[in-house]
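> One structure, pasted below without further comment.
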Amino acid sequence: MVWEKDPLVQKVCELYDQISSLESLKPSKDVNMLFTQLVLTCMPPSPIDVTKLCKRIQEIRFKLIRLCGEAEGLLESHFSTILGSYENPLHHLNIFPYYSNYLKLSLLEFDILKKQCSDYVPIKVAFVGSGPLPLTSIVLASFHLTTTSFHNYDIDPSANSKALQLVSSDPDLSERMFFHTTDIMDVTYALKDYDVVFLAALVGMDKDAKVRVIDHLAKYMAPGAVLMLRSAHGARAFLYPVVDPCDLTGFEVLSVFHPTDEVINSVVIARKVPTTKHTVENPKLPNKCSDIDMFSPLLNHVNLIEELDIEDQLS
């Protein structure tokens, strides 16, 4: 099939032209309308394989992902500023238009984490690319991992300043949430302290950058620690970078799932394998890409696309 002539691809390209011509990506009527149209266009399940698109469409996709990332950052910054003006910001999180999506995605991630790591509750979690509105950390810390400490990493000092303002008035979260202003590529042995590391979808905007971050985490995370990554599937790959499970060198990929509702991101969960002399000398050892589990949480609002054949399907 010639994907370039697909109506969905043509619509995405049309929206890219309109979005790229905007003077600013700060929240406004036009910005909100165009990105809403883009999300609604890409949301339905689609057989599109973005790796098979022509070079011109690939370039549009890469540029569109960057525009989406910029717009998302500006949107989060805008609402973080508003929330920070309240006496108790965490009591008003529902003013953020995608708060319900974060509730669903965080619950999904917690369910898969609990299924794969039922023998312990993580003591320390890192979230890489937390941004000015660290909703995943806040939701997990508030509702699911209520004794865990969360270390949030972002390269932008203003993002961390705004994020800190949100939790500073909460007596519990202010004691369990920490913010580090640094490039994760400069964090080395401190990564061994974390039981779980979350990698935000927009850390590493293209495949090469994403793989560099993953390789860095594989080098310094503790053996047995868990990595949770956000990816994209089908037409949703016009919005976010795709993580190929076979790119997770140094990790055993445990599960992949693709929501088909308004939760846009797919999630990949993997476990750091013990480092040996052989894996250091030959960093491109294959992981178990042919033996990946498809997680099926017992939630009515999520349908999962079965992508890989496995012997022992979770139910």
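Labels used: A, B, ... for chains in the order of the structure tokens, numbers from 1 for residues in each chain, and numbers from 1 for ligands as shown.
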List the spatial neighbours of Pro122 (chain A) as a list in words - criterion: any atom at most 12 Å away, only C-alpha atoms, same-chain residues fewer than 2 positions off excluded.

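In the requested form, the answer reads Phe110, Leu113, Lys114, Cys117, Ser118, Asp119, Tyr120, Lys124, Val125, Ala126, Leu140, Ala141, His144, Leu145, Thr146, Thr147, Thr148, Ser149, Phe150, Asp193, Tyr194, Asp195, Val196, Val197, Gly224, Ala225 and Val226 of chain A.
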
> Hey, could you make a per-residue contact list for region 104-154 of chain A against region 239-260 of chain A with 12 Å as the cut-off, showing the nearest pair of atoms and its distance in Å to one decimal, counting only C-alpha atoms, sorted by chain and number, as JSON lines?


```
{"residue": "A:Lys104", "atom": "CA", "partner": "A:Pro259", "partner_atom": "CA", "distance": 10.2}
{"residue": "A:Leu105", "atom": "CA", "partner": "A:Pro259", "partner_atom": "CA", "distance": 9.1}
{"residue": "A:Leu108", "atom": "CA", "partner": "A:Pro259", "partner_atom": "CA", "distance": 9.4}
{"residue": "A:Glu109", "atom": "CA", "partner": "A:Phe257", "partner_atom": "CA", "distance": 10.0}
{"residue": "A:Asp111", "atom": "CA", "partner": "A:Ser255", "partner_atom": "CA", "distance": 11.9}
{"residue": "A:Ile112", "atom": "CA", "partner": "A:Ser255", "partner_atom": "CA", "distance": 8.2}
{"residue": "A:Leu113", "atom": "CA", "partner": "A:Ser255", "partner_atom": "CA", "distance": 9.9}
{"residue": "A:Lys115", "atom": "CA", "partner": "A:Ser255", "partner_atom": "CA", "distance": 10.3}
{"residue": "A:Gln116", "atom": "CA", "partner": "A:Leu254", "partner_atom": "CA", "distance": 7.7}
{"residue": "A:Cys117", "atom": "CA", "partner": "A:Leu254", "partner_atom": "CA", "distance": 10.7}
```

> Using only N, CA, C and O atoms, please write the residues we just selected to a file, as a PDB file, in the first residue's frame.


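Saved result, out_37.pdb, follows:
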```
ATOM      1  N   LYS A 104      -5.399   7.760  33.819  1.00  0.00           N
ATOM      2  CA  LYS A 104      -5.520   6.448  33.174  1.00  0.00           C
ATOM      3  C   LYS A 104      -4.156   5.858  32.845  1.00  0.00           C
ATOM      4  O   LYS A 104      -3.906   4.666  33.094  1.00  0.00           O
ATOM      5  N   LEU A 105      -3.278   6.668  32.282  1.00  0.00           N
ATOM      6  CA  LEU A 105      -1.962   6.163  31.896  1.00  0.00           C
ATOM      7  C   LEU A 105      -1.157   5.748  33.129  1.00  0.00           C
ATOM      8  O   LEU A 105      -0.500   4.695  33.129  1.00  0.00           O
ATOM      9  N   LEU A 108      -2.423   2.451  34.363  1.00  0.00           N
ATOM     10  CA  LEU A 108      -1.933   1.385  33.496  1.00  0.00           C
ATOM     11  C   LEU A 108      -0.488   1.033  33.825  1.00  0.00           C
ATOM     12  O   LEU A 108      -0.117  -0.135  33.946  1.00  0.00           O
ATOM     13  N   GLU A 109       0.336   2.065  33.958  1.00  0.00           N
ATOM     14  CA  GLU A 109       1.753   1.831  34.244  1.00  0.00           C
ATOM     15  C   GLU A 109       1.936   1.185  35.618  1.00  0.00           C
ATOM     16  O   GLU A 109       2.785   0.309  35.787  1.00  0.00           O
ATOM     17  N   ASP A 111      -0.283  -0.769  37.118  1.00  0.00           N
ATOM     18  CA  ASP A 111      -0.761  -2.149  37.013  1.00  0.00           C
ATOM     19  C   ASP A 111       0.284  -3.067  36.388  1.00  0.00           C
ATOM     20  O   ASP A 111       0.519  -4.179  36.858  1.00  0.00           O
ATOM     21  N   ILE A 112       0.912  -2.606  35.308  1.00  0.00           N
ATOM     22  CA  ILE A 112       1.919  -3.443  34.659  1.00  0.00           C
ATOM     23  C   ILE A 112       3.153  -3.586  35.546  1.00  0.00           C
ATOM     24  O   ILE A 112       3.753  -4.665  35.637  1.00  0.00           O
ATOM     25  N   LEU A 113       3.512  -2.517  36.254  1.00  0.00           N
ATOM     26  CA  LEU A 113       4.649  -2.579  37.171  1.00  0.00           C
ATOM     27  C   LEU A 113       4.361  -3.563  38.301  1.00  0.00           C
ATOM     28  O   LEU A 113       5.212  -4.382  38.658  1.00  0.00           O
ATOM     29  N   LYS A 115       2.318  -6.065  38.236  1.00  0.00           N
ATOM     30  CA  LYS A 115       2.268  -7.426  37.699  1.00  0.00           C
ATOM     31  C   LYS A 115       3.660  -8.005  37.507  1.00  0.00           C
ATOM     32  O   LYS A 115       3.926  -9.171  37.821  1.00  0.00           O
ATOM     33  N   GLN A 116       4.567  -7.181  37.001  1.00  0.00           N
ATOM     34  CA  GLN A 116       5.907  -7.663  36.704  1.00  0.00           C
ATOM     35  C   GLN A 116       6.819  -7.663  37.934  1.00  0.00           C
ATOM     36  O   GLN A 116       7.807  -8.397  37.965  1.00  0.00           O
ATOM     37  N   CYS A 117       6.499  -6.850  38.925  1.00  0.00           N
ATOM     38  CA  CYS A 117       7.359  -6.712  40.105  1.00  0.00           C
ATOM     39  C   CYS A 117       6.514  -6.863  41.362  1.00  0.00           C
ATOM     40  O   CYS A 117       6.493  -5.977  42.231  1.00  0.00           O
TER      41      CYS A 117
END
```

> Which residue, A:Leu202, A:His91, A:Val128, A:Pro134, has the smallest gap to Asp170 (chain A) when you use only C-alpha atoms?

A:His91

> Please compute the CA of Val267 (chain A)-CA of Leu229 (chain A) distance, one decimal, in Å.

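Those two atoms sit 5.7 Å apart.
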
> I need the residues in region 38-188 of chain A that are strand (DSSP E or B) according to DSSP; give them as a list in words.

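So, restricting region 38-188 of chain A to strand (DSSP E or B), we get Lys124, Val125, Ala126, Phe127, Val128, Ser149, Phe150, His151, Asn152, Tyr153, Asp154, Met177, Phe178, Phe179, His180 and Thr181 of chain A.
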
> Between A:Val203, A:Leu166, A:Met221, A:Leu135, single out the one closest to Asp154 (chain A), counting only C-alpha atoms.

A:Val203

> Write out as a list in words which residues come within 9 Å of region 71-80 of chain A when counting only C-alpha atoms, dropping same-chain ones fewer than 4 positions away.

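Surrounding residues, per the criterion: Ser24, Leu25, Lys26, Pro27, Val31, Phe35, Arg66, Leu67, Gly84, Ser85, Pro89, Ile95, Phe96, Gly131, Pro132, Leu133, Pro134, Ala159, Lys162, Ala163, Gln165 and Leu166 of chain A.
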
> Suppose you want the space between CA of Thr182 (chain A) and CA of Leu93 (chain A); what is it in Å?

26.1 Å

> One number please: CA of Leu173 (chain A) to CA of Ser137 (chain A), in Å, one decimal.

9.8 Å
